[in-house]
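Reproduced below: query_12.cif, with mmCIF, C-alpha atoms.
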```cif
data_input
loop_
_atom_site.label_atom_id
_atom_site.label_comp_id
_atom_site.auth_asym_id
_atom_site.auth_seq_id
_atom_site.Cartn_x
_atom_site.Cartn_y
_atom_site.Cartn_z
CA MET K 573 28.69 31.69 8.65
CA ASN K 574 26.13 30.39 6.20
CA ASP K 575 28.44 27.65 4.98
CA MET K 576 25.79 24.96 4.62
CA THR K 577 23.60 26.84 2.19
CA ARG K 578 26.24 28.79 0.30
CA PRO K 579 29.29 26.57 0.21
CA ASP K 580 30.82 28.51 -2.67
CA THR K 581 31.38 31.50 -0.43
CA LEU K 582 33.69 29.42 1.72
CA ASP K 583 35.79 27.33 -0.62
CA PRO K 584 37.82 28.86 -3.42
CA PRO K 585 36.27 29.06 -6.89
CA TYR K 586 37.42 26.60 -9.55
CA LEU K 587 38.56 29.43 -11.81
CA TYR K 588 41.03 31.73 -10.07
CA PRO K 589 43.19 33.43 -12.71
CA GLY K 590 45.86 34.42 -10.17
CA TYR K 591 46.61 30.70 -9.89
CA GLY K 592 47.52 29.88 -13.48
CA SER K 593 46.92 26.13 -13.26
CA THR K 594 43.17 26.74 -12.81
CA LEU K 595 42.84 28.25 -16.31
CA LEU K 596 42.63 24.96 -18.23
CA ARG K 597 41.29 22.79 -15.43
CA ALA K 598 38.31 24.74 -14.09
CA PRO K 599 35.01 23.61 -15.61
CA ARG K 600 33.25 26.32 -17.62
CA GLU K 601 29.79 24.78 -17.72
CA PRO K 602 27.53 25.40 -14.72
CA LEU K 603 27.74 22.70 -12.05
CA LEU K 604 24.77 20.37 -11.79
CA GLN K 605 22.57 21.06 -8.78
CA ILE K 606 21.73 17.67 -7.34
CA PRO K 607 19.01 16.93 -4.77
CA ALA K 608 20.05 17.82 -1.21
CA GLY K 609 21.52 14.90 0.65
CA THR K 610 22.45 12.89 -2.46
CA LEU K 611 26.07 12.62 -1.39
CA ASP K 612 25.32 12.70 2.33
CA VAL K 613 25.79 8.96 2.68
CA PRO K 614 28.11 6.92 4.89
CA GLY K 615 31.70 6.96 3.68
CA PRO K 616 34.62 4.56 3.65
CA SER K 617 35.55 3.13 7.01
CA VAL K 618 39.32 2.86 7.42
CA PRO K 619 40.44 0.25 9.97
CA ARG K 620 42.64 1.64 12.75
CA GLY K 621 45.41 -0.77 11.78
CA PHE K 622 45.80 1.00 8.43
CA ALA K 623 48.28 3.44 10.02
CA ARG K 624 51.12 1.93 12.03
CA ASP K 625 52.41 3.39 15.28
CA GLY K 626 55.22 5.78 14.52
CA GLU K 627 53.90 6.90 11.15
CA ASN K 628 52.95 10.16 12.87
CA ASP K 629 56.63 10.89 13.67
CA LEU K 630 58.25 12.21 10.50
CA THR K 631 61.55 12.75 12.31
CA ARG K 632 62.15 9.01 12.72
CA HIS K 633 61.92 7.87 9.12
CA GLY K 634 65.67 8.07 8.48
CA LYS K 635 68.89 6.87 10.11
CA SER K 636 69.20 10.09 12.09
CA ALA K 637 67.23 13.24 12.71
CA PRO K 638 66.27 15.46 9.78
CA LEU K 639 67.54 19.01 9.49
CA GLY K 640 65.23 21.83 10.48
CA GLU K 641 63.22 23.24 13.34
CA LYS K 642 61.57 20.30 15.08
CA MET K 643 57.91 20.85 15.83
CA ILE K 644 55.01 19.09 17.50
CA LEU K 645 51.80 19.61 15.56
CA THR K 646 48.61 18.85 17.43
CA GLY K 647 44.98 19.64 16.81
CA ARG K 648 41.45 18.39 16.68
CA LEU K 649 39.29 17.22 13.82
CA LEU K 650 35.76 18.54 14.30
CA ASP K 651 32.48 18.69 12.44
CA ALA K 652 30.62 21.94 11.82
CA ASP K 653 28.73 21.49 15.10
CA GLY K 654 31.99 21.28 17.01
CA ARG K 655 31.73 17.55 17.64
CA PRO K 656 34.92 15.49 17.39
CA VAL K 657 35.46 13.39 14.29
CA ARG K 658 36.74 10.24 15.96
CA ARG K 659 39.08 7.50 14.79
CA SER K 660 39.46 9.14 11.41
CA LEU K 661 42.47 8.94 9.09
CA VAL K 662 44.72 12.02 8.79
CA GLU K 663 47.37 12.03 6.04
CA ILE K 664 49.99 14.79 5.66
CA TRP K 665 52.86 15.64 3.31
CA GLN K 666 55.29 18.53 3.18
CA ALA K 667 58.59 19.89 1.89
CA ASN K 668 61.73 19.47 3.98
CA ALA K 669 63.32 22.32 5.91
CA SER K 670 65.00 23.55 2.71
CA GLY K 671 61.74 23.75 0.80
CA ARG K 672 62.26 20.57 -1.26
CA TYR K 673 59.81 17.69 -1.59
CA ALA K 674 61.11 14.13 -1.75
CA HIS K 675 59.23 13.81 -5.04
CA PRO K 676 60.68 13.16 -8.50
CA GLY K 677 58.66 16.03 -9.93
CA ASP K 678 60.18 18.66 -7.62
CA ARG K 679 62.93 20.45 -9.56
CA HIS K 680 63.69 23.10 -6.95
CA ASP K 681 67.46 23.46 -6.56
CA ALA K 682 67.45 22.91 -2.81
CA PRO K 683 68.92 19.86 -1.08
CA LEU K 684 67.00 16.69 -0.35
CA ASP K 685 67.32 15.46 3.21
CA PRO K 686 68.04 11.70 3.29
CA ASN K 687 66.43 11.59 6.72
CA PHE K 688 63.16 13.18 5.76
CA SER K 689 60.41 11.86 3.50
CA GLY K 690 57.87 14.49 4.55
CA ILE K 691 55.06 11.93 4.73
CA GLY K 692 52.98 11.00 7.76
CA ARG K 693 49.66 9.53 8.77
CA THR K 694 47.72 8.86 11.90
CA PHE K 695 44.20 8.49 13.27
CA THR K 696 42.30 10.90 15.47
CA ASP K 697 41.57 9.59 18.95
CA ASP K 698 38.23 9.44 20.74
CA GLU K 699 38.33 13.22 21.28
CA GLY K 700 39.14 13.91 17.63
CA ARG K 701 42.76 14.76 18.50
CA TYR K 702 45.77 14.06 16.32
CA ARG K 703 49.51 14.56 16.85
CA PHE K 704 52.46 14.72 14.45
CA VAL K 705 56.17 15.18 15.10
CA THR K 706 57.91 16.85 12.17
CA VAL K 707 60.13 19.75 11.14
CA LYS K 708 58.98 23.12 9.87
CA PRO K 709 58.83 23.01 6.06
CA GLY K 710 60.74 25.59 4.03
CA ALA K 711 59.22 28.01 1.57
CA TYR K 712 59.97 27.32 -2.09
CA PRO K 713 59.76 29.11 -5.42
CA TRP K 714 57.26 28.11 -8.10
CA LYS K 715 56.60 29.27 -11.62
CA ASN K 716 53.12 30.73 -11.19
CA HIS K 717 54.32 34.32 -11.60
CA ALA K 718 57.55 36.32 -11.37
CA PHE K 719 59.33 35.91 -8.02
CA ALA K 720 56.59 33.57 -6.79
CA TRP K 721 57.25 31.69 -3.54
CA ARG K 722 54.83 29.40 -1.74
CA PRO K 723 54.50 30.19 1.96
CA GLN K 724 55.58 27.43 4.33
CA HIS K 725 52.78 24.88 4.48
CA ILE K 726 51.80 21.31 5.31
CA HIS K 727 49.26 19.45 3.15
CA PHE K 728 46.42 17.67 4.96
CA SER K 729 44.08 15.00 3.63
CA LEU K 730 41.02 14.06 5.72
CA LEU K 731 38.42 11.42 4.94
CA GLY K 732 36.05 12.27 7.79
CA ASN K 733 32.99 10.07 8.22
CA ALA K 734 31.32 10.72 4.90
CA PRO K 735 32.04 11.81 1.34
CA VAL K 736 30.60 15.25 2.13
CA GLN K 737 33.30 15.66 4.78
CA ARG K 738 36.21 14.75 2.47
CA LEU K 739 38.74 17.58 2.63
CA ILE K 740 42.19 18.29 1.25
CA THR K 741 43.68 21.52 2.52
CA GLN K 742 46.95 23.21 3.47
CA MET K 743 48.08 24.43 6.87
CA TYR K 744 50.06 27.66 6.98
CA PHE K 745 52.20 29.30 9.65
CA PRO K 746 51.38 32.45 11.60
CA GLY K 747 53.09 35.66 10.58
CA ASP K 748 54.39 34.33 7.24
CA PRO K 749 54.90 37.38 4.99
CA LEU K 750 54.41 35.21 1.90
CA LEU K 751 50.73 34.64 2.74
CA ALA K 752 49.92 38.11 1.43
CA ILE K 753 51.13 37.27 -2.08
CA ASP K 754 50.13 33.62 -2.32
CA PRO K 755 47.30 33.02 -4.81
CA VAL K 756 46.47 29.58 -3.43
CA TYR K 757 45.91 30.96 0.07
CA ASN K 758 44.15 34.07 -1.23
CA SER K 759 41.84 32.08 -3.50
CA VAL K 760 39.62 31.64 -0.44
CA PRO K 761 37.42 34.72 -0.69
CA ASP K 762 36.57 35.20 2.97
CA GLU K 763 39.32 36.53 5.23
CA ALA K 764 38.04 34.77 8.35
CA ALA K 765 37.96 31.49 6.44
CA ARG K 766 41.52 32.02 5.19
CA THR K 767 42.69 32.59 8.74
CA ARG K 768 41.29 29.19 9.72
CA MET K 769 44.04 27.63 7.56
CA VAL K 770 46.76 29.23 9.71
CA ALA K 771 48.13 27.24 12.66
CA ALA K 772 48.69 28.84 16.06
CA LEU K 773 52.04 28.92 17.82
CA ALA K 774 51.52 27.04 21.09
CA LEU K 775 54.96 26.59 22.59
CA GLU K 776 53.69 24.70 25.61
CA SER K 777 52.27 21.96 23.41
CA GLY K 778 55.81 21.42 22.17
CA ILE K 779 58.66 19.77 24.07
CA GLU K 780 60.67 22.00 26.38
CA GLY K 781 64.11 22.64 24.93
CA ILE K 782 63.51 20.32 21.96
CA ALA K 783 60.54 21.09 19.75
CA MET K 784 58.25 24.02 19.09
CA GLY K 785 54.51 23.51 19.39
CA TYR K 786 51.86 24.43 16.86
CA THR K 787 48.15 23.71 17.00
CA PHE K 788 45.80 23.39 14.05
CA ASP K 789 42.13 22.47 14.39
CA ILE K 790 40.31 21.34 11.27
CA VAL K 791 36.56 21.73 10.82
CA LEU K 792 34.83 19.50 8.26
CA GLY K 793 31.47 20.12 6.62
CA GLY K 794 28.42 17.90 6.71
CA ALA K 795 27.49 17.94 10.39
CA ARG K 796 24.80 15.34 9.73
CA ALA K 797 27.51 12.88 8.79
CA THR K 798 28.76 12.44 12.36
CA PRO K 799 27.05 9.30 13.67
CA LEU K 800 24.79 10.05 16.59
CA GLY K 801 25.88 8.89 19.98
CA ILE K 802 29.61 8.66 19.34
CA MET P 1105 28.77 25.21 18.94
CA ALA P 1106 28.79 25.90 15.23
CA GLN P 1107 32.22 26.55 13.79
CA GLY P 1108 33.42 27.75 10.43
CA ARG P 1109 34.56 25.04 8.13
CA THR P 1110 38.20 24.83 7.06
CA PRO P 1111 38.44 25.77 3.38
CA SER P 1112 39.68 23.49 0.63
CA GLN P 1113 43.08 23.95 -1.03
CA THR P 1114 44.67 22.26 -4.01
CA ILE P 1115 46.31 18.85 -3.58
CA GLY P 1116 49.26 20.29 -5.56
CA PRO P 1117 51.68 18.24 -7.68
CA PHE P 1118 53.60 16.42 -4.91
CA PHE P 1119 51.02 14.17 -3.22
CA HIS P 1120 51.90 10.86 -4.85
CA GLU P 1121 54.04 9.04 -2.28
CA ALA P 1122 51.97 10.38 0.61
CA LEU P 1123 48.55 9.37 -0.66
CA ARG P 1124 49.43 6.26 -2.66
CA TRP P 1125 47.81 3.23 -1.07
CA LYS P 1126 48.92 -0.32 -1.74
CA ASP P 1127 46.47 -1.74 -4.30
CA GLY P 1128 44.51 1.51 -4.14
CA GLY P 1129 43.11 0.75 -7.59
CA ARG P 1130 41.78 -2.69 -6.59
CA VAL P 1131 38.52 -2.10 -4.78
CA THR P 1132 37.56 -4.78 -2.27
CA PHE P 1133 34.22 -5.82 -0.82
CA ALA P 1134 33.11 -8.19 1.89
CA GLU P 1135 30.92 -9.91 -0.71
CA ALA P 1136 31.75 -11.59 -3.99
CA GLY P 1137 30.59 -9.83 -7.13
CA GLN P 1138 30.98 -9.38 -10.85
CA ALA P 1139 34.49 -8.06 -11.53
CA ILE P 1140 34.59 -4.97 -13.71
CA VAL P 1141 37.19 -2.39 -14.72
CA LEU P 1142 36.52 1.33 -14.95
CA ALA P 1143 39.20 2.95 -17.10
CA GLY P 1144 39.63 6.21 -18.91
CA ARG P 1145 41.57 9.40 -19.44
CA VAL P 1146 41.37 12.80 -17.82
CA LEU P 1147 41.82 15.72 -20.24
CA ASP P 1148 42.08 19.46 -19.63
CA GLY P 1149 40.57 22.42 -21.49
CA ALA P 1150 43.18 22.15 -24.24
CA GLY P 1151 42.57 18.43 -24.67
CA ALA P 1152 45.91 17.62 -23.04
CA PRO P 1153 46.15 14.72 -20.59
CA VAL P 1154 45.97 15.63 -16.91
CA THR P 1155 49.00 13.73 -15.70
CA ASP P 1156 48.94 14.63 -12.01
CA ALA P 1157 45.41 13.99 -10.79
CA MET P 1158 44.18 11.74 -8.02
CA VAL P 1159 40.93 9.88 -8.62
CA GLU P 1160 38.83 8.55 -5.75
CA THR P 1161 35.80 6.27 -6.11
CA TRP P 1162 33.07 5.21 -3.69
CA GLN P 1163 30.20 2.89 -4.49
CA LEU P 1164 27.69 0.41 -3.17
CA SER P 1165 28.68 -3.22 -2.71
CA PRO P 1166 27.70 -5.91 -5.25
CA LEU P 1167 24.57 -6.49 -3.14
CA GLY P 1168 23.66 -2.81 -3.24
CA ARG P 1169 24.68 -2.09 0.34
CA THR P 1170 26.96 0.40 2.02
CA PRO P 1171 30.30 -1.44 1.97
CA ALA P 1172 31.02 -3.24 5.24
CA ALA P 1173 33.88 -1.99 7.41
CA ALA P 1174 37.21 -3.66 6.66
CA SER P 1175 39.40 -4.86 9.52
CA GLY P 1176 43.02 -5.23 10.55
CA ASP P 1177 45.41 -3.17 8.43
CA ALA P 1178 43.32 -3.37 5.25
CA LYS P 1179 42.17 -0.38 3.27
CA PRO P 1180 38.44 0.36 3.38
CA HIS P 1181 35.99 -1.69 1.34
CA GLY P 1182 34.25 0.00 -1.57
CA PHE P 1183 36.80 2.79 -1.92
CA GLY P 1184 39.28 3.29 -4.75
CA ARG P 1185 42.17 5.74 -4.99
CA VAL P 1186 44.50 5.98 -8.00
CA GLU P 1187 46.73 8.50 -9.75
CA THR P 1188 46.51 9.38 -13.41
CA GLY P 1189 49.57 8.36 -15.38
CA PRO P 1190 51.76 10.33 -17.83
CA ASP P 1191 49.05 9.84 -20.48
CA GLY P 1192 46.25 10.98 -18.15
CA ARG P 1193 44.91 7.44 -17.81
CA PHE P 1194 43.44 5.87 -14.71
CA ARG P 1195 42.18 2.36 -14.04
CA ILE P 1196 40.04 0.99 -11.21
CA GLU P 1197 39.41 -2.72 -10.77
CA THR P 1198 36.20 -3.13 -8.84
CA ALA P 1199 32.90 -5.03 -8.73
CA MET P 1200 29.62 -4.08 -10.35
CA PRO P 1201 27.71 -2.00 -7.80
CA GLY P 1202 24.33 -3.43 -6.81
CA GLY P 1203 21.04 -1.61 -7.11
CA GLU P 1204 18.66 -0.65 -9.90
CA LEU P 1205 20.99 1.85 -11.53
CA PRO P 1206 24.64 0.92 -10.96
CA CYS P 1207 26.88 3.94 -10.51
CA ILE P 1208 30.13 5.01 -8.90
CA ASP P 1209 30.72 8.35 -7.18
CA VAL P 1210 34.01 9.89 -8.30
CA ALA P 1211 36.10 12.80 -7.02
CA PHE P 1212 39.07 14.35 -8.85
CA PHE P 1213 41.87 16.19 -7.08
CA ALA P 1214 44.73 17.89 -8.94
CA ARG P 1215 47.08 20.81 -9.20
CA GLY P 1216 44.89 23.63 -10.48
CA LEU P 1217 41.80 22.31 -8.70
CA LEU P 1218 41.37 24.41 -5.58
CA LYS P 1219 38.59 22.04 -4.52
CA PRO P 1220 37.71 18.58 -5.81
CA LEU P 1221 35.50 17.99 -8.82
CA ARG P 1222 32.75 15.53 -7.96
CA THR P 1223 30.54 13.54 -10.24
CA ARG P 1224 28.98 10.11 -10.77
CA VAL P 1225 29.63 7.61 -13.53
CA TYR P 1226 26.87 5.21 -14.52
CA LEU P 1227 27.37 1.64 -15.68
CA ALA P 1228 23.97 1.50 -17.36
CA PRO P 1229 22.33 2.43 -20.67
CA LEU P 1230 21.80 6.12 -21.43
CA GLU P 1231 17.97 5.89 -21.38
CA LYS P 1232 18.00 4.54 -17.84
CA VAL P 1233 20.55 7.10 -16.70
CA ARG P 1234 18.46 9.94 -18.10
CA ALA P 1235 15.59 8.89 -15.82
CA ASP P 1236 17.68 9.16 -12.63
CA PRO P 1237 16.10 11.80 -10.36
CA VAL P 1238 19.58 12.93 -9.32
CA LEU P 1239 20.10 14.16 -12.89
CA LYS P 1240 16.65 15.77 -13.16
CA ALA P 1241 18.00 19.22 -13.99
CA LEU P 1242 19.88 17.68 -16.90
CA SER P 1243 17.46 15.05 -18.18
CA ALA P 1244 16.85 16.61 -21.59
CA SER P 1245 20.48 17.55 -22.17
CA GLU P 1246 23.00 15.89 -24.47
CA ARG P 1247 25.50 16.27 -21.64
CA VAL P 1248 24.02 13.33 -19.72
CA LYS P 1249 26.10 11.04 -21.90
CA THR P 1250 29.30 12.38 -20.33
CA LEU P 1251 28.31 10.42 -17.21
CA VAL P 1252 27.78 7.08 -18.95
CA ALA P 1253 30.66 4.61 -19.20
CA GLU P 1254 30.85 2.61 -22.43
CA PRO P 1255 31.26 -1.15 -22.15
CA THR P 1256 34.24 -2.22 -24.27
CA ALA P 1257 35.81 -5.63 -23.95
CA ALA P 1258 34.21 -8.07 -21.51
CA GLY P 1259 33.94 -6.43 -18.13
CA GLU P 1260 35.65 -3.16 -19.07
CA TYR P 1261 33.95 0.20 -18.92
CA ARG P 1262 35.52 3.15 -20.64
CA TRP P 1263 34.93 6.62 -19.25
CA ASP P 1264 36.87 9.65 -20.45
CA VAL P 1265 36.66 12.82 -18.42
CA ARG P 1266 36.99 16.31 -19.84
CA LEU P 1267 37.55 18.92 -17.15
CA GLN P 1268 36.81 21.84 -19.48
CA GLY P 1269 35.77 22.63 -23.03
CA GLU P 1270 34.17 20.56 -25.77
CA GLY P 1271 32.39 17.55 -24.31
CA GLU P 1272 32.98 18.85 -20.80
CA THR P 1273 31.99 16.28 -18.19
CA VAL P 1274 29.05 17.16 -15.96
CA PHE P 1275 30.28 17.90 -12.44
CA PHE P 1276 28.12 18.22 -9.36
CA ALA P 1277 27.65 21.28 -7.17
CA ALA P 1278 28.59 19.65 -3.89
#
```
Now, as a test, write the supplied structure out as C-alpha cells.
Amino acid sequence: MNDMTRPDTLDPPYLYPGYGSTLLRAPREPLLQIPAGTLDVPGPSVPRGFARDGENDLTRHGKSAPLGEKMILTGRLLDADGRPVRRSLVEIWQANASGRYAHPGDRHDAPLDPNFSGIGRTFTDDEGRYRFVTVKPGAYPWKNHAFAWRPQHIHFSLLGNAPVQRLITQMYFPGDPLLAIDPVYNSVPDEAARTRMVAALALESGIEGIAMGYTFDIVLGGARATPLGI
Amino acid sequence: MAQGRTPSQTIGPFFHEALRWKDGGRVTFAEAGQAIVLAGRVLDGAGAPVTDAMVETWQLSPLGRTPAAASGDAKPHGFGRVETGPDGRFRIETAMPGGELPCIDVAFFARGLLKPLRTRVYLAPLEKVRADPVLKALSASERVKTLVAEPTAAGEYRWDVRLQGEGETVFFAA
C-alpha cells in the first residue's frame, strides 16, 4: 500500500528477463533520484472536442458489425485518494476477436476483420466514468518463448491531470488461464496489484440479450495532481 | 479512500494507429515563440535503432508558463507525441521553452519497456545544465552531457538517446 514512497514495488521492473524484449532496452545505470515534486506539475489539457462522439463505439467503425462477442466496457478513472479524474482522455486499442491487430506489423496468421479497427477514444465524465462498446479481443501467439500466447487484453492509455499520472497499461479478463504464464502480466511483482489489471464480469452493465458487461476501474498515481475543488 | 494504483504495462508494438495524433510532432502554444526542432535517434543496448517507440514531450511555453488550455478539437498546447521511424529517429517541431534554463520533459514508451522511461533534455550549455538543482546527484558526472541537446543547423537541436550501454542516457526515477 506504500505506493507513493516505494513506486518500484508496484510497477514492473525495467529488466524482466522472462520478457525478452526488456533485455536490450532496460537501462543498466541507476536511475537519477530527482527532488520530490519535480515532475508534479500541471499536465497537458486536452479539449473535450478532441474525441468525437461515437469514437467510443468500436463496433460502428465498419459497414456492418464486427465478428466476436460484443461487450460494454465501463469503469471509472480515479486518483490514489479515490477522487474521480474528470474530463480526461482515455485511448484504447486491441486485437480483433481472432487475435489479430489491424496493424501492418502484426504477422499472426489470423484473419483481419474489415469491420474492426480495434481503436477507440473517449473522455471521462464529471464522475470519472468512461464507456466503450467493443468486442472481446482474441488471444494470440507471440515469439517470446516456446508456445507463448498473450492472454486476451485491451491496451489503455491515460493522460490524467499531470505527467505523474500518465499511465499506459493493459486490461485483462477474469479467469483467463493464460494469465498464469504471461510474463508481461507477471512482471508486476505484487499479486494484489496484478489483480487490479483484471476487469470484472458485470453482466448487468451490459445490454440484455446483446452485449456482455465488464467493468474496469483505473487508479492513477499522484493524488496531489487532482485540482482541488473539482 | 486510498486505493492501490493500477500498474504500468508495456505499450507493445501495435499502438501506432491508436495513439497517432494529427500533427503530433508539431507542438503548439497560445503564444508566439522561437521555432526550434528537437531531433535524434533512440538506440538500444546493442546500438541498434529502436524502431517502435513512442516519444512524448511536455514543456513550458515560450514565455516560461504552463501552456494554456487549447480549445475546440485541437490537441493540447505544449505537448508533443511522435513515433520513432525505421531508423529509430524522431523529430519534434516546437518553440524554445521560456525560463532561465530551457528544457523539455520527455517520456519514452516501447515494446520491452514495462513502464515509461522519463528524462529531461536541456537546450542550454553544459555548464549551466550542471548547475541545475534537479541534477544535483549527478552534477560531477560525465553523464550529465547525455541530457544536453547539441545545436546543429539554425534552430535544430540534436539529441540521441541510448536506452542501455555505452553512453547510456540518464533516466529519472519517477
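Summary of the local environment: counting all atoms listed in the file, residues at most 7 Å from Thr1114 of chain P, other than itself and those fewer than 2 positions away along its chain, are Thr741 of chain K; Ser1112, Gly1116, Ala1214, Arg1215, Gly1216, Leu1217, Leu1218 and Lys1219 of chain P.
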**OP:** Identify the residues around (37.4, -3.1, -8.0) within a radius of 8 Å, measuring from all atoms listed in the file in the coordinates stated by the file, and give them as a PyMOL selection string.
**Re:** chain P and resi 1129-1132+1139-1141+1182+1184+1196-1199
**OP:** For the structure shown, which residues end up in the PyMOL selection byres ((chain K and resi 694) around 7)? Put them as a ChimeraX atom specification, please?
**Re:** /K:623,627-628,661-663,693,695-696
Subject >> Counting all atoms listed in the file, the residue of P:Ala1228, P:Leu1123, P:Val1233, P:Ala1136 that sits nearest chain K >> reply: P:Leu1123
Subject >> d(atom CA of Ala1134 of chain P, atom CA of Pro656 of chain K) in Å >> reply: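 We find that atom CA of Ala1134 of chain P and atom CA of Pro656 of chain K lie 28.4 Å from each other.
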**OP:** Name the residues that the PyMOL selection byres ((chain P and resi 1162) around 10) pulls out of this structure, and write them as a VMD selection string.
**Re:** (chain K and resid 615 to 616 735) or (chain P and resid 1131 1160 to 1161 1163 to 1165 1170 to 1171 1181 to 1185 1201 1207 to 1211 1224)
Subject >> Nearest-residue call for chain K, choices P:Glu1272, P:Asp1177, P:Asp1127, P:Asp1236, using all atoms listed in the file >> reply: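 Counting all atoms listed in the file, the residue closest to chain K is P:Asp1177.
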Subject >> Near-segment 704-712 of chain K list (8 Å; all atoms listed in the file; drop same-chain fewer than 6 positions) as a PyMOL selection string >> reply: chain K and resi 628-631+638-646+666-672+680+690+692+694+721-726
Can I get the selection written as a PDB file, keeping the file's coordinate frame, with C-alpha atoms?
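After the write, part.pdb holds the following:
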```
ATOM      1  CA  ASN K 628      52.950  10.160  12.870  1.00  0.00           C
ATOM      2  CA  ASP K 629      56.630  10.890  13.670  1.00  0.00           C
ATOM      3  CA  LEU K 630      58.250  12.210  10.500  1.00  0.00           C
ATOM      4  CA  THR K 631      61.550  12.750  12.310  1.00  0.00           C
ATOM      5  CA  PRO K 638      66.270  15.460   9.780  1.00  0.00           C
ATOM      6  CA  LEU K 639      67.540  19.010   9.490  1.00  0.00           C
ATOM      7  CA  GLY K 640      65.230  21.830  10.480  1.00  0.00           C
ATOM      8  CA  GLU K 641      63.220  23.240  13.340  1.00  0.00           C
ATOM      9  CA  LYS K 642      61.570  20.300  15.080  1.00  0.00           C
ATOM     10  CA  MET K 643      57.910  20.850  15.830  1.00  0.00           C
ATOM     11  CA  ILE K 644      55.010  19.090  17.500  1.00  0.00           C
ATOM     12  CA  LEU K 645      51.800  19.610  15.560  1.00  0.00           C
ATOM     13  CA  THR K 646      48.610  18.850  17.430  1.00  0.00           C
ATOM     14  CA  GLN K 666      55.290  18.530   3.180  1.00  0.00           C
ATOM     15  CA  ALA K 667      58.590  19.890   1.890  1.00  0.00           C
ATOM     16  CA  ASN K 668      61.730  19.470   3.980  1.00  0.00           C
ATOM     17  CA  ALA K 669      63.320  22.320   5.910  1.00  0.00           C
ATOM     18  CA  SER K 670      65.000  23.550   2.710  1.00  0.00           C
ATOM     19  CA  GLY K 671      61.740  23.750   0.800  1.00  0.00           C
ATOM     20  CA  ARG K 672      62.260  20.570  -1.260  1.00  0.00           C
ATOM     21  CA  HIS K 680      63.690  23.100  -6.950  1.00  0.00           C
ATOM     22  CA  GLY K 690      57.870  14.490   4.550  1.00  0.00           C
ATOM     23  CA  GLY K 692      52.980  11.000   7.760  1.00  0.00           C
ATOM     24  CA  THR K 694      47.720   8.860  11.900  1.00  0.00           C
ATOM     25  CA  TRP K 721      57.250  31.690  -3.540  1.00  0.00           C
ATOM     26  CA  ARG K 722      54.830  29.400  -1.740  1.00  0.00           C
ATOM     27  CA  PRO K 723      54.500  30.190   1.960  1.00  0.00           C
ATOM     28  CA  GLN K 724      55.580  27.430   4.330  1.00  0.00           C
ATOM     29  CA  HIS K 725      52.780  24.880   4.480  1.00  0.00           C
ATOM     30  CA  ILE K 726      51.800  21.310   5.310  1.00  0.00           C
TER      31      ILE K 726
END
```
Subject >> Gap from atom CA of His717 of chain K to atom CA of Arg597 of chain K - Å, one decimal >> reply: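 Distance reported for this atom pair: 17.8 Å.
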Original post:
What does the PyMOL selection byres ((chain K and resi 594) around 12) select in this file, as an MDAnalysis selection string?
Top reply: (chainID K and resid 584:593 595:600 716 755:756 759) or (chainID P and resid 1114 1116 1148:1149 1214:1219 1267:1268)
Subject >> From P:Val1186, P:Leu1147, P:Met1200, P:Ala1258, residue lying nearest chain K [all atoms listed in the file] >> reply: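 Among P:Val1186, P:Leu1147, P:Met1200, P:Ala1258, it is P:Leu1147 that comes nearest to chain K.
Separating atom CA of Val657 of chain K from atom CA of Asp789 of chain K is a distance of 11.3 Å.
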